[in-house]
Amino acid sequence: MHLKVIILATVFASVAFAGPQHKLLEKRTEVNDVPFTELTLFLTQQLFFADTAADRFKMLPDDTQFVFSKGGDFVVANRKTFPALVGTSVSMAVGFFGLCRFNTLYVHFRAVELQIVVAGTVFTKMVPENGVFKDGELSRGRRAITNTLKAFNMQLFYQRSVHFQFNSECELAIFVTVFNNEDFGAGQVADKLFFISPEVVSAAFEQAIDAKHVAKFKGKILASIANSVEACLKKCKIFSKL
């Protein structure tokens with residue numbers, strides 16, 4: 001008797017579950033009333049949906065799709081610009097750092113940065129997370145890790161650490177950077193700070209900056225590479241336009 005009840009209950013539950021599940025599957029075949037099979041996906045998106053890593057190779061039939069070749073002063077190979085990177089957890093950037101160029105304070109949201117200088121000289125500074133002090137002493141203040149990188153010197157910049165690079169010499173500097181994320185993300189600290197409410201910024205500086213003057217800074221903070229270090233500009237006989 002008990003066995004019959006258990007069997008009947010199981011069958012009933014299976015039938016009851018099958019109905020909604022079938023409807024759910026039907027709904028999932030459409031997105032915004034467009035059948036899923038008719039949706040157009042970018043190659044990067046298609047690679048994400050691949051069942052296995054081996055299946056991704058079918059979506060990259062051309063051998064040249066495994067080669068990245070683009071020009072510019074700062075070239076980034078991530079999963080958007082180089083779809084073959086999907087699933088690798090890695091990306092890379094190459095920078096041609098002009099005379100007196102200053103990469104303003106920034107952070108990487110999703111990756112550790114490992115940078116090697118291949119030509120020229122790059123001055124760097126990194127401030128890690130809260131609780132990192134000079135000689136481990138709170139009274140000595142925060143620790144700022146400072147280095148001057150020559151050709152083939154390499155430095156690590158921790159994820160979300162605030163850091164910058166500066167070409168303090170009168171020659172081109174070239175660096176190569178690798179990240180442990182296909183989409184490392186970046187944000188300029190000053191650029192973001194001064195686009196917050198003026199009252200909040202003023203409070204953060206303990207009223208050293210009057211809230212009514214904060215707006216003057218907006219638009220004057222360059223989002224990335226900036227020629228702004230006066231001593232280098234003079235040394236290299238470059239006239240600043242800032």
# chains A, B, ... in the order shown; residues from 1 in each chain; ligands from 1
call {"tool": "residues_around", "arguments": {"residues": "segment 181-195 of chain A", "least_positions_apart": "5", "cutoff": "6 Å", "atoms": "only C-alpha atoms", "output": "NGL selection string"}}
result
:A and (78-79 or 89-91 or 105-111 or 221)
call {"tool": "select_by_dssp", "arguments": {"residues": "segment 129-195 of chain A", "states": "strand (DSSP E or B)", "output": "PyMOL selection string"}}
result
chain A and resi 133+142+145-149+154-157+162-166+173-179+187-188
call {"tool": "atom_distance", "arguments": {"atom1": "atom CA of Lys125 of chain A", "atom2": "atom CA of Thr146 of chain A"}}
result
4.4 Å
call {"tool": "residues_around", "arguments": {"residues": "Leu114 of chain A", "least_positions_apart": "6", "cutoff": "8 Å", "atoms": "only C-alpha atoms", "output": "ChimeraX atom specification"}}
result
/A:154-157,177-179
call {"tool": "residues_around", "arguments": {"residues": "Cys100 of chain A", "least_positions_apart": "4", "cutoff": "12 Å", "atoms": "only C-alpha atoms", "output": "PyMOL selection string"}}
result
chain A and resi 96+120-123+165-173+225-240
